[in-house]
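Okay, final14.cif now, which holds mmCIF, C-alpha atoms:
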data_input
loop_
_atom_site.group_PDB
_atom_site.id
_atom_site.type_symbol
_atom_site.label_atom_id
_atom_site.label_comp_id
_atom_site.auth_asym_id
_atom_site.auth_seq_id
_atom_site.Cartn_x
_atom_site.Cartn_y
_atom_site.Cartn_z
ATOM 1 C CA MET A 138 0.000 0.000 0.000
ATOM 2 C CA LYS A 139 1.308 3.406 -0.940
ATOM 3 C CA LEU A 140 1.033 5.957 1.880
ATOM 4 C CA ASP A 141 1.094 9.732 1.752
ATOM 5 C CA ILE A 142 2.638 10.159 5.197
ATOM 6 C CA LEU A 143 4.604 7.535 7.135
ATOM 7 C CA ALA A 144 5.695 8.122 10.725
ATOM 8 C CA PHE A 145 8.600 6.171 12.186
ATOM 9 C CA ALA A 146 8.880 5.702 15.940
ATOM 10 C CA SER A 147 11.666 4.210 18.020
ATOM 11 C CA HIS A 148 9.053 2.804 20.419
ATOM 12 C CA PRO A 149 5.342 2.045 20.220
ATOM 13 C CA ASP A 150 3.668 5.224 21.579
ATOM 14 C CA ASP A 151 6.366 7.685 20.365
ATOM 15 C CA ALA A 152 4.271 8.649 17.355
ATOM 16 C CA GLU A 153 1.112 8.910 19.459
ATOM 17 C CA LEU A 154 2.832 11.399 21.739
ATOM 18 C CA GLY A 155 4.599 13.340 18.995
ATOM 19 C CA CYS A 156 2.752 13.449 15.698
ATOM 20 C CA VAL A 157 -0.565 11.623 15.414
ATOM 21 C CA GLY A 158 -2.541 14.862 15.495
ATOM 22 C CA THR A 159 -0.771 15.749 12.265
ATOM 23 C CA LEU A 160 -1.502 12.308 10.813
ATOM 24 C CA LEU A 161 -5.172 12.717 11.715
ATOM 25 C CA ALA A 162 -5.309 16.184 10.154
ATOM 26 C CA HIS A 163 -4.126 14.728 6.865
ATOM 27 C CA LYS A 164 -6.314 11.649 7.163
ATOM 28 C CA ALA A 165 -9.247 14.076 7.238
ATOM 29 C CA GLN A 166 -8.015 15.417 3.893
ATOM 30 C CA GLY A 167 -8.163 11.966 2.343
ATOM 31 C CA LYS A 168 -4.477 11.130 2.730
ATOM 32 C CA LYS A 169 -3.235 7.640 3.593
ATOM 33 C CA ILE A 170 -1.252 7.443 6.824
ATOM 34 C CA GLY A 171 0.795 4.844 8.655
ATOM 35 C CA ILE A 172 3.237 4.169 11.470
ATOM 36 C CA VAL A 173 6.308 1.942 11.553
ATOM 37 C CA ASP A 174 7.628 1.209 15.049
ATOM 38 C CA LEU A 175 11.300 0.291 15.147
ATOM 39 C CA THR A 176 11.244 -1.710 18.407
ATOM 40 C CA ARG A 177 8.699 -3.486 20.591
ATOM 41 C CA GLY A 178 9.592 -1.341 23.608
ATOM 42 C CA GLU A 179 10.671 -4.435 25.501
ATOM 43 C CA LEU A 180 12.926 -2.513 27.893
ATOM 44 C CA GLY A 181 10.018 -0.496 29.239
ATOM 45 C CA THR A 182 9.581 -0.679 33.003
ATOM 46 C CA ARG A 183 5.863 -1.342 32.649
ATOM 47 C CA GLY A 184 4.032 -3.752 30.407
ATOM 48 C CA THR A 185 5.424 -6.431 28.103
ATOM 49 C CA PRO A 186 6.175 -6.593 24.388
ATOM 50 C CA GLU A 187 2.903 -8.490 23.989
ATOM 51 C CA THR A 188 0.805 -5.878 25.789
ATOM 52 C CA ARG A 189 2.592 -3.101 23.907
ATOM 53 C CA ALA A 190 1.678 -4.808 20.619
ATOM 54 C CA GLN A 191 -1.963 -5.058 21.672
ATOM 55 C CA GLU A 192 -1.948 -1.410 22.719
ATOM 56 C CA ALA A 193 -0.353 -0.335 19.434
ATOM 57 C CA ALA A 194 -3.114 -2.167 17.568
ATOM 58 C CA ALA A 195 -5.751 -0.465 19.703
ATOM 59 C CA ALA A 196 -4.195 2.940 19.015
ATOM 60 C CA ALA A 197 -4.065 2.150 15.292
ATOM 61 C CA ALA A 198 -7.813 1.485 15.374
ATOM 62 C CA VAL A 199 -8.455 4.803 17.126
ATOM 63 C CA LEU A 200 -6.345 6.599 14.523
ATOM 64 C CA GLN A 201 -7.798 4.633 11.597
ATOM 65 C CA LEU A 202 -4.303 4.023 10.282
ATOM 66 C CA ASP A 203 -3.949 2.570 6.824
ATOM 67 C CA ALA A 204 -0.907 0.590 7.954
ATOM 68 C CA ARG A 205 1.109 -0.149 11.072
ATOM 69 C CA GLU A 206 3.972 -2.546 11.546
ATOM 70 C CA ASN A 207 6.880 -3.206 13.883
ATOM 71 C CA LEU A 208 10.402 -3.884 12.603
ATOM 72 C CA GLY A 209 11.393 -5.792 15.759
ATOM 73 C CA MET A 210 14.713 -4.058 16.353
ATOM 74 C CA ALA A 211 16.308 -4.428 19.782
ATOM 75 C CA ASP A 212 15.015 -1.784 22.160
ATOM 76 C CA GLY A 213 17.955 0.212 23.496
ATOM 77 C CA PHE A 214 20.508 -1.619 21.387
ATOM 78 C CA PHE A 215 19.617 -0.968 17.743
ATOM 79 C CA ARG A 216 22.243 0.967 15.822
ATOM 80 C CA ASN A 217 22.471 3.219 12.796
ATOM 81 C CA ASP A 218 24.313 0.681 10.660
ATOM 82 C CA GLU A 219 23.793 -1.144 7.382
ATOM 83 C CA GLU A 220 21.757 -3.979 8.901
ATOM 84 C CA HIS A 221 19.221 -1.645 10.480
ATOM 85 C CA GLN A 222 19.213 0.829 7.594
ATOM 86 C CA ARG A 223 18.227 -1.950 5.210
ATOM 87 C CA LYS A 224 15.195 -2.767 7.370
ATOM 88 C CA VAL A 225 14.101 0.855 7.310
ATOM 89 C CA ILE A 226 14.777 1.127 3.577
ATOM 90 C CA GLN A 227 12.573 -1.909 2.964
ATOM 91 C CA ALA A 228 9.736 -0.211 4.867
ATOM 92 C CA ILE A 229 10.175 3.069 2.984
ATOM 93 C CA ARG A 230 10.171 1.286 -0.376
ATOM 94 C CA LYS A 231 7.180 -0.808 0.681
ATOM 95 C CA TYR A 232 4.980 2.177 1.537
ATOM 96 C CA GLN A 233 6.509 4.807 -0.783
ATOM 97 C CA PRO A 234 5.526 7.787 1.402
ATOM 98 C CA GLU A 235 5.683 11.321 0.084
ATOM 99 C CA ILE A 236 6.450 12.610 3.597
ATOM 100 C CA VAL A 237 8.226 10.868 6.469
ATOM 101 C CA LEU A 238 7.926 11.925 10.096
ATOM 102 C CA MET A 239 10.459 10.660 12.628
ATOM 103 C CA ASN A 240 11.734 10.985 16.169
ATOM 104 C CA ALA A 241 13.257 14.128 17.620
ATOM 105 C CA VAL A 242 16.834 14.866 16.582
ATOM 106 C CA GLN A 243 17.829 14.625 20.258
ATOM 107 C CA ASP A 244 15.880 13.783 23.364
ATOM 108 C CA ARG A 245 15.835 12.421 26.904
ATOM 109 C CA HIS A 246 15.755 8.807 25.672
ATOM 110 C CA PRO A 247 18.872 7.887 23.652
ATOM 111 C CA ASP A 248 16.804 5.718 21.288
ATOM 112 C CA HIS A 249 14.935 8.782 20.043
ATOM 113 C CA GLY A 250 17.935 10.626 18.632
ATOM 114 C CA ARG A 251 19.477 7.396 17.364
ATOM 115 C CA GLY A 252 16.232 6.370 15.672
ATOM 116 C CA SER A 253 15.966 9.828 14.167
ATOM 117 C CA GLN A 254 19.394 9.581 12.562
ATOM 118 C CA LEU A 255 18.766 6.007 11.419
ATOM 119 C CA VAL A 256 15.544 6.900 9.622
ATOM 120 C CA SER A 257 16.893 10.162 8.219
ATOM 121 C CA GLU A 258 19.880 8.485 6.575
ATOM 122 C CA SER A 259 17.728 5.576 5.402
ATOM 123 C CA CYS A 260 15.380 8.003 3.646
ATOM 124 C CA PHE A 261 18.306 9.170 1.535
ATOM 125 C CA PHE A 262 19.756 5.717 0.904
ATOM 126 C CA SER A 263 16.323 4.401 -0.066
ATOM 127 C CA GLY A 264 16.559 6.498 -3.218
ATOM 128 C CA LEU A 265 19.801 4.875 -4.402
ATOM 129 C CA ARG A 266 19.114 2.197 -7.003
ATOM 130 C CA GLN A 267 22.405 0.414 -6.313
ATOM 131 C CA ILE A 268 21.138 -0.525 -2.851
ATOM 132 C CA LYS A 269 19.141 -3.689 -3.479
ATOM 133 C CA THR A 270 16.340 -4.821 -1.180
ATOM 134 C CA LEU A 271 13.619 -7.455 -1.458
ATOM 135 C CA ASP A 272 9.981 -7.324 -0.439
ATOM 136 C CA ALA A 273 8.131 -9.989 1.564
ATOM 137 C CA ASP A 274 7.618 -12.051 -1.608
ATOM 138 C CA GLY A 275 11.299 -11.982 -2.525
ATOM 139 C CA GLU A 276 10.793 -9.474 -5.329
ATOM 140 C CA GLU A 277 13.277 -6.647 -5.791
ATOM 141 C CA GLN A 278 11.999 -3.310 -4.523
ATOM 142 C CA GLN A 279 12.186 -0.116 -6.489
ATOM 143 C CA PRO A 280 14.144 2.891 -5.152
ATOM 144 C CA TRP A 281 12.047 5.495 -3.359
ATOM 145 C CA ARG A 282 12.999 8.727 -1.637
ATOM 146 C CA PRO A 283 10.410 10.786 0.280
ATOM 147 C CA LYS A 284 9.937 14.349 -0.872
ATOM 148 C CA ALA A 285 10.211 15.712 2.676
ATOM 149 C CA VAL A 286 11.231 14.538 6.140
ATOM 150 C CA TYR A 287 10.361 16.194 9.437
ATOM 151 C CA HIS A 288 11.271 15.427 13.040
ATOM 152 C CA TYR A 289 8.573 15.628 15.686
ATOM 153 C CA ILE A 290 9.410 17.122 19.080
ATOM 154 C CA GLN A 291 9.259 14.883 22.124
ATOM 155 C CA ASP A 292 10.229 15.252 25.776
ATOM 156 C CA ARG A 293 12.959 17.899 25.521
ATOM 157 C CA PHE A 294 11.885 21.238 24.136
ATOM 158 C CA ILE A 295 13.233 22.073 20.691
ATOM 159 C CA THR A 296 12.262 25.255 18.876
ATOM 160 C CA PRO A 297 10.024 24.091 16.007
ATOM 161 C CA ASP A 298 10.505 25.107 12.388
ATOM 162 C CA LEU A 299 6.827 24.491 11.686
ATOM 163 C CA ILE A 300 3.706 23.839 13.736
ATOM 164 C CA VAL A 301 0.594 21.986 12.623
ATOM 165 C CA ASP A 302 -2.811 22.964 14.002
ATOM 166 C CA ILE A 303 -4.267 19.778 15.515
ATOM 167 C CA THR A 304 -7.102 21.389 17.476
ATOM 168 C CA PRO A 305 -9.942 19.362 15.880
ATOM 169 C CA TYR A 306 -8.063 16.118 16.551
ATOM 170 C CA TRP A 307 -6.842 16.660 20.098
ATOM 171 C CA GLU A 308 -9.341 14.356 21.810
ATOM 172 C CA GLN A 309 -8.646 11.592 19.308
ATOM 173 C CA LYS A 310 -4.908 12.000 19.910
ATOM 174 C CA VAL A 311 -5.439 11.680 23.668
ATOM 175 C CA GLU A 312 -7.557 8.571 23.123
ATOM 176 C CA ALA A 313 -4.755 7.035 21.069
ATOM 177 C CA ILE A 314 -2.204 7.829 23.783
ATOM 178 C CA ARG A 315 -4.432 6.326 26.461
ATOM 179 C CA ALA A 316 -4.696 3.140 24.387
ATOM 180 C CA PHE A 317 -1.256 2.409 25.849
ATOM 181 C CA LYS A 318 -2.803 1.581 29.205
ATOM 182 C CA SER A 319 0.351 -0.034 30.567
ATOM 183 C CA GLN A 320 2.390 3.111 29.991
ATOM 184 C CA PHE A 321 0.305 6.190 30.771
ATOM 185 C CA PHE A 322 -1.963 7.333 33.544
ATOM 186 C CA THR A 323 -5.650 6.491 33.458
ATOM 187 C CA PRO A 324 -8.037 6.407 36.417
ATOM 188 C CA ALA A 325 -7.934 2.609 36.237
ATOM 189 C CA SER A 326 -4.135 2.545 36.411
ATOM 190 C CA GLU A 327 -4.094 4.035 39.904
ATOM 191 C CA ASN A 328 -4.577 0.552 41.358
ATOM 192 C CA THR A 329 -1.933 -1.198 39.277
ATOM 193 C CA SER A 330 0.848 -3.117 40.984
ATOM 194 C CA GLU A 331 3.394 -2.034 38.369
ATOM 195 C CA PRO A 332 6.069 0.475 39.407
ATOM 196 C CA ALA A 333 5.504 4.154 38.817
ATOM 197 C CA THR A 334 7.542 5.737 36.034
ATOM 198 C CA TYR A 335 8.259 9.165 34.638
ATOM 199 C CA ILE A 336 5.513 8.804 32.035
ATOM 200 C CA SER A 337 2.890 7.015 34.138
ATOM 201 C CA SER A 338 2.031 10.008 36.319
ATOM 202 C CA PRO A 339 -0.955 12.334 35.846
ATOM 203 C CA GLU A 340 1.565 15.171 35.609
ATOM 204 C CA PHE A 341 3.068 13.719 32.444
ATOM 205 C CA MET A 342 -0.275 13.792 30.645
ATOM 206 C CA ARG A 343 -0.720 17.408 31.743
ATOM 207 C CA PHE A 344 2.745 18.140 30.355
ATOM 208 C CA ILE A 345 1.740 16.661 26.981
ATOM 209 C CA GLU A 346 -1.279 18.927 26.881
ATOM 210 C CA ALA A 347 0.737 21.961 27.999
ATOM 211 C CA ARG A 348 3.240 21.404 25.189
ATOM 212 C CA ALA A 349 0.406 21.143 22.649
ATOM 213 C CA LEU A 350 -1.205 24.283 24.055
ATOM 214 C CA GLU A 351 2.093 26.138 23.826
ATOM 215 C CA PHE A 352 2.607 25.166 20.188
ATOM 216 C CA GLY A 353 -1.013 25.928 19.378
ATOM 217 C CA HIS A 354 -0.809 29.342 21.018
ATOM 218 C CA ALA A 355 2.245 30.166 18.897
ATOM 219 C CA ILE A 356 0.187 29.897 15.696
ATOM 220 C CA GLY A 357 -3.115 31.271 16.945
ATOM 221 C CA ALA A 358 -4.692 27.847 17.464
ATOM 222 C CA VAL A 359 -5.597 25.870 20.573
ATOM 223 C CA TYR A 360 -3.466 22.755 20.098
ATOM 224 C CA GLY A 361 -0.426 22.212 17.884
ATOM 225 C CA GLU A 362 2.355 19.749 17.107
ATOM 226 C CA GLY A 363 5.829 21.044 16.347
ATOM 227 C CA PHE A 364 8.404 19.735 13.899
ATOM 228 C CA THR A 365 11.954 20.531 12.863
ATOM 229 C CA LYS A 366 13.140 20.409 9.275
ATOM 230 C CA GLU A 367 16.286 19.203 7.541
ATOM 231 C CA ARG A 368 16.133 21.612 4.619
ATOM 232 C CA TYR A 369 14.375 24.842 3.738
ATOM 233 C CA ILE A 370 10.609 24.703 3.420
ATOM 234 C CA GLY A 371 9.377 26.034 0.070
ATOM 235 C CA VAL A 372 5.887 27.084 -0.967
ATOM 236 C CA LYS A 373 4.352 28.280 -4.228
ATOM 237 C CA ASN A 374 1.735 30.372 -2.489
ATOM 238 C CA LEU A 375 2.289 32.521 0.618
ATOM 239 C CA PHE A 376 -1.316 31.874 1.613
ATOM 240 C CA ASP A 377 -0.363 28.251 2.233
ATOM 241 C CA LEU A 378 1.455 29.554 5.316
ATOM 242 C CA MET A 379 -1.660 31.010 6.893
#

Encoded form using structure tokens:
Amino acid sequence: MKLDILAFASHPDDAELGCVGTLLAHKAQGKKIGIVDLTRGELGTRGTPETRAQEAAAAAAVLQLDARENLGMADGFFRNDEEHQRKVIQAIRKYQPEIVLMNAVQDRHPDHGRGSQLVSESCFFSGLRQIKTLDADGEEQQPWRPKAVYHYIQDRFITPDLIVDITPYWEQKVEAIRAFKSQFFTPASENTSEPATYISSPEFMRFIEARALEFGHAIGAVYGEGFTKERYIGVKNLFDLM
């Protein structure tokens, strides 16, 4: 399936926290959207790889994704090398996205910046015809390079180069985040026996909303998601920036 926008995430739930409002905004315009998770999040303090997979599927249903898959890389230990780049290249060539969204260029979790660099370089290499990859049926894939790549902003504040108004999709974004019941605070999670973590507190969910409010305020909206760019952003019409 060819997608218009494909988001890569080092862990299941990274995209939900960072960019699904933007995916939803484009879904509403008739675009096809998807998420590729690099790892199963198996090093997470709470939950298991199996519960994370179930939660990712539940979030995908909330978001009405056209595709979601997990590349099964080792959480915490994947590297930006040929082996891992080829896996990402296969996914890019499989879905042929026009735009790729990826993790923050640097962040609190080391996997975020590493995943960002891995996907960024793979987007370039995916366009080189001398790099040969095969699809699931053993057929050779065609080269494909996205037209644009953007990095969503995660835990650490980074000044955005562009902000997307996600106001109409905020509640749906929150629902998708809360699909990861093992990771984030819900009223039901107050009685869990699992250890508390940085992201399982009510305060973390308020932080997510505060960040979205801050970005929204910056563009005259209620809620926003911020992104950084790798190259200049060009438009044919200045009214596209309004």

Given all atoms listed in the file as the basis, pick out the residue of A:Gly184, A:Phe352, A:Lys366, A:Leu271 nearest to A:Ala333.
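Comparing A:Gly184, A:Phe352, A:Lys366, A:Leu271 against A:Ala333, the winner is A:Gly184.
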
To verify the selection step, state as a PyMOL selection string which residues the PyMOL selection byres ((chain A and resi 190) around 12) yields on this input.
chain A and resi 148-150+174+176-179+184-189+191-197+205-209+316-319

Only C-alpha atoms, please: the residues just picked out, written as a PDB file, in the frame of the given file.
ATOM      1  CA  HIS A 148       9.053   2.804  20.419  1.00  0.00           C
ATOM      2  CA  PRO A 149       5.342   2.045  20.220  1.00  0.00           C
ATOM      3  CA  ASP A 150       3.668   5.224  21.579  1.00  0.00           C
ATOM      4  CA  ASP A 174       7.628   1.209  15.049  1.00  0.00           C
ATOM      5  CA  THR A 176      11.244  -1.710  18.407  1.00  0.00           C
ATOM      6  CA  ARG A 177       8.699  -3.486  20.591  1.00  0.00           C
ATOM      7  CA  GLY A 178       9.592  -1.341  23.608  1.00  0.00           C
ATOM      8  CA  GLU A 179      10.671  -4.435  25.501  1.00  0.00           C
ATOM      9  CA  GLY A 184       4.032  -3.752  30.407  1.00  0.00           C
ATOM     10  CA  THR A 185       5.424  -6.431  28.103  1.00  0.00           C
ATOM     11  CA  PRO A 186       6.175  -6.593  24.388  1.00  0.00           C
ATOM     12  CA  GLU A 187       2.903  -8.490  23.989  1.00  0.00           C
ATOM     13  CA  THR A 188       0.805  -5.878  25.789  1.00  0.00           C
ATOM     14  CA  ARG A 189       2.592  -3.101  23.907  1.00  0.00           C
ATOM     15  CA  GLN A 191      -1.963  -5.058  21.672  1.00  0.00           C
ATOM     16  CA  GLU A 192      -1.948  -1.410  22.719  1.00  0.00           C
ATOM     17  CA  ALA A 193      -0.353  -0.335  19.434  1.00  0.00           C
ATOM     18  CA  ALA A 194      -3.114  -2.167  17.568  1.00  0.00           C
ATOM     19  CA  ALA A 195      -5.751  -0.465  19.703  1.00  0.00           C
ATOM     20  CA  ALA A 196      -4.195   2.940  19.015  1.00  0.00           C
ATOM     21  CA  ALA A 197      -4.065   2.150  15.292  1.00  0.00           C
ATOM     22  CA  ARG A 205       1.109  -0.149  11.072  1.00  0.00           C
ATOM     23  CA  GLU A 206       3.972  -2.546  11.546  1.00  0.00           C
ATOM     24  CA  ASN A 207       6.880  -3.206  13.883  1.00  0.00           C
ATOM     25  CA  LEU A 208      10.402  -3.884  12.603  1.00  0.00           C
ATOM     26  CA  GLY A 209      11.393  -5.792  15.759  1.00  0.00           C
ATOM     27  CA  ALA A 316      -4.696   3.140  24.387  1.00  0.00           C
ATOM     28  CA  PHE A 317      -1.256   2.409  25.849  1.00  0.00           C
ATOM     29  CA  LYS A 318      -2.803   1.581  29.205  1.00  0.00           C
ATOM     30  CA  SER A 319       0.351  -0.034  30.567  1.00  0.00           C
TER      31      SER A 319
END

Around the point (22.3, -0.1, 7.3) in the file's coordinates, collect all residues with an atom within 12 Å, using all atoms listed in the file, and return them as a PDB file with C-alpha atoms, keeping the file's coordinate frame.
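As written to disk, point_14.pdb reads:
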ATOM      1  CA  PHE A 215      19.617  -0.968  17.743  1.00  0.00           C
ATOM      2  CA  ARG A 216      22.243   0.967  15.822  1.00  0.00           C
ATOM      3  CA  ASN A 217      22.471   3.219  12.796  1.00  0.00           C
ATOM      4  CA  ASP A 218      24.313   0.681  10.660  1.00  0.00           C
ATOM      5  CA  GLU A 219      23.793  -1.144   7.382  1.00  0.00           C
ATOM      6  CA  GLU A 220      21.757  -3.979   8.901  1.00  0.00           C
ATOM      7  CA  HIS A 221      19.221  -1.645  10.480  1.00  0.00           C
ATOM      8  CA  GLN A 222      19.213   0.829   7.594  1.00  0.00           C
ATOM      9  CA  ARG A 223      18.227  -1.950   5.210  1.00  0.00           C
ATOM     10  CA  LYS A 224      15.195  -2.767   7.370  1.00  0.00           C
ATOM     11  CA  VAL A 225      14.101   0.855   7.310  1.00  0.00           C
ATOM     12  CA  ILE A 226      14.777   1.127   3.577  1.00  0.00           C
ATOM     13  CA  GLN A 227      12.573  -1.909   2.964  1.00  0.00           C
ATOM     14  CA  GLN A 254      19.394   9.581  12.562  1.00  0.00           C
ATOM     15  CA  LEU A 255      18.766   6.007  11.419  1.00  0.00           C
ATOM     16  CA  VAL A 256      15.544   6.900   9.622  1.00  0.00           C
ATOM     17  CA  SER A 257      16.893  10.162   8.219  1.00  0.00           C
ATOM     18  CA  GLU A 258      19.880   8.485   6.575  1.00  0.00           C
ATOM     19  CA  SER A 259      17.728   5.576   5.402  1.00  0.00           C
ATOM     20  CA  CYS A 260      15.380   8.003   3.646  1.00  0.00           C
ATOM     21  CA  PHE A 261      18.306   9.170   1.535  1.00  0.00           C
ATOM     22  CA  PHE A 262      19.756   5.717   0.904  1.00  0.00           C
ATOM     23  CA  SER A 263      16.323   4.401  -0.066  1.00  0.00           C
ATOM     24  CA  ILE A 268      21.138  -0.525  -2.851  1.00  0.00           C
ATOM     25  CA  LYS A 269      19.141  -3.689  -3.479  1.00  0.00           C
ATOM     26  CA  THR A 270      16.340  -4.821  -1.180  1.00  0.00           C
TER      27      THR A 270
END

Please report, as JSON, the centre and edge lengths in Å to one decimal of an axis-aligned box covering all listed atoms of stretch 335-341 of chain A with 3 Å per side.
{"center_x": 3.7, "center_y": 11.1, "center_z": 34.2, "size_x": 15.2, "size_y": 14.2, "size_z": 10.3}

Closest of A:Ala273, A:Ile303, A:Ile290, A:Leu200 to A:Gly158, counting all atoms listed in the file, is A:Ile303

Cut-off 12 Å: closest stretch 317-353 of chain A/stretch 294-300 of chain A atom pairs per residue, using only C-alpha atoms, as a Markdown table:
| residue | atom | partner | partner_atom | distance |
| --- | --- | --- | --- | --- |
| A:Phe344 | CA | A:Phe294 | CA | 11.5 |
| A:Ile345 | CA | A:Phe294 | CA | 11.5 |
| A:Ala347 | CA | A:Phe294 | CA | 11.8 |
| A:Arg348 | CA | A:Phe294 | CA | 8.7 |
| A:Ala349 | CA | A:Ile300 | CA | 9.9 |
| A:Leu350 | CA | A:Ile300 | CA | 11.4 |
| A:Glu351 | CA | A:Ile300 | CA | 10.5 |
| A:Phe352 | CA | A:Ile300 | CA | 6.7 |
| A:Gly353 | CA | A:Ile300 | CA | 7.6 |

Some atoms are missing, so please complete stretch 239-246 of chain A with all heavy atoms and return it as an mmCIF file, keeping the file's coordinate frame.
data_model
loop_
_atom_site.group_PDB
_atom_site.id
_atom_site.type_symbol
_atom_site.label_atom_id
_atom_site.label_comp_id
_atom_site.auth_asym_id
_atom_site.auth_seq_id
_atom_site.Cartn_x
_atom_site.Cartn_y
_atom_site.Cartn_z
ATOM 1 N N MET A 239 9.600 11.522 11.811
ATOM 2 C CA MET A 239 10.459 10.660 12.628
ATOM 3 C C MET A 239 10.755 11.298 13.971
ATOM 4 O O MET A 239 10.395 12.440 14.225
ATOM 5 C CB MET A 239 11.757 10.346 11.880
ATOM 6 C CG MET A 239 12.646 11.549 11.643
ATOM 7 S SD MET A 239 13.952 11.235 10.427
ATOM 8 C CE MET A 239 13.044 11.384 8.898
ATOM 9 N N ASN A 240 11.427 10.537 14.813
ATOM 10 C CA ASN A 240 11.734 10.985 16.169
ATOM 11 C C ASN A 240 12.506 12.297 16.210
ATOM 12 O O ASN A 240 13.088 12.725 15.207
ATOM 13 C CB ASN A 240 12.548 9.921 16.907
ATOM 14 C CG ASN A 240 11.733 8.714 17.296
ATOM 15 O OD1 ASN A 240 11.676 7.741 16.545
ATOM 16 N ND2 ASN A 240 11.113 8.758 18.454
ATOM 17 N N ALA A 241 12.526 12.888 17.396
ATOM 18 C CA ALA A 241 13.257 14.128 17.620
ATOM 19 C C ALA A 241 14.748 13.922 17.373
ATOM 20 O O ALA A 241 15.293 12.841 17.620
ATOM 21 C CB ALA A 241 13.037 14.619 19.047
ATOM 22 N N VAL A 242 15.409 14.966 16.908
ATOM 23 C CA VAL A 242 16.834 14.866 16.582
ATOM 24 C C VAL A 242 17.671 14.564 17.814
ATOM 25 O O VAL A 242 18.737 13.962 17.730
ATOM 26 C CB VAL A 242 17.345 16.147 15.889
ATOM 27 C CG1 VAL A 242 16.745 16.273 14.507
ATOM 28 C CG2 VAL A 242 17.035 17.385 16.725
ATOM 29 N N GLN A 243 17.197 14.986 18.986
ATOM 30 C CA GLN A 243 17.829 14.625 20.258
ATOM 31 C C GLN A 243 16.772 14.679 21.343
ATOM 32 O O GLN A 243 15.825 15.455 21.265
ATOM 33 C CB GLN A 243 18.982 15.581 20.590
ATOM 34 C CG GLN A 243 18.568 17.044 20.685
ATOM 35 C CD GLN A 243 19.741 17.943 20.976
ATOM 36 O OE1 GLN A 243 20.885 17.512 20.987
ATOM 37 N NE2 GLN A 243 19.472 19.216 21.215
ATOM 38 N N ASP A 244 16.934 13.836 22.357
ATOM 39 C CA ASP A 244 15.880 13.783 23.364
ATOM 40 C C ASP A 244 16.380 13.093 24.623
ATOM 41 O O ASP A 244 17.520 12.608 24.691
ATOM 42 C CB ASP A 244 14.662 13.048 22.798
ATOM 43 C CG ASP A 244 13.365 13.420 23.491
ATOM 44 O OD1 ASP A 244 13.177 14.616 23.756
ATOM 45 O OD2 ASP A 244 12.549 12.528 23.772
ATOM 46 N N ARG A 245 15.511 13.042 25.626
ATOM 47 C CA ARG A 245 15.835 12.421 26.904
ATOM 48 C C ARG A 245 16.224 10.958 26.721
ATOM 49 O O ARG A 245 17.186 10.481 27.321
ATOM 50 C CB ARG A 245 14.625 12.549 27.842
ATOM 51 C CG ARG A 245 14.755 11.821 29.170
ATOM 52 C CD ARG A 245 13.522 12.086 30.030
ATOM 53 N NE ARG A 245 13.586 11.366 31.286
ATOM 54 C CZ ARG A 245 13.103 10.136 31.475
ATOM 55 N NH1 ARG A 245 12.505 9.504 30.469
ATOM 56 N NH2 ARG A 245 13.195 9.539 32.654
ATOM 57 N N HIS A 246 15.477 10.221 25.903
ATOM 58 C CA HIS A 246 15.755 8.807 25.672
ATOM 59 C C HIS A 246 16.747 8.681 24.521
ATOM 60 O O HIS A 246 16.490 9.197 23.428
ATOM 61 C CB HIS A 246 14.469 8.063 25.332
ATOM 62 C CG HIS A 246 14.571 6.574 25.462
ATOM 63 N ND1 HIS A 246 15.536 5.830 24.810
ATOM 64 C CD2 HIS A 246 13.841 5.687 26.187
ATOM 65 C CE1 HIS A 246 15.390 4.557 25.105
ATOM 66 N NE2 HIS A 246 14.369 4.436 25.943
#
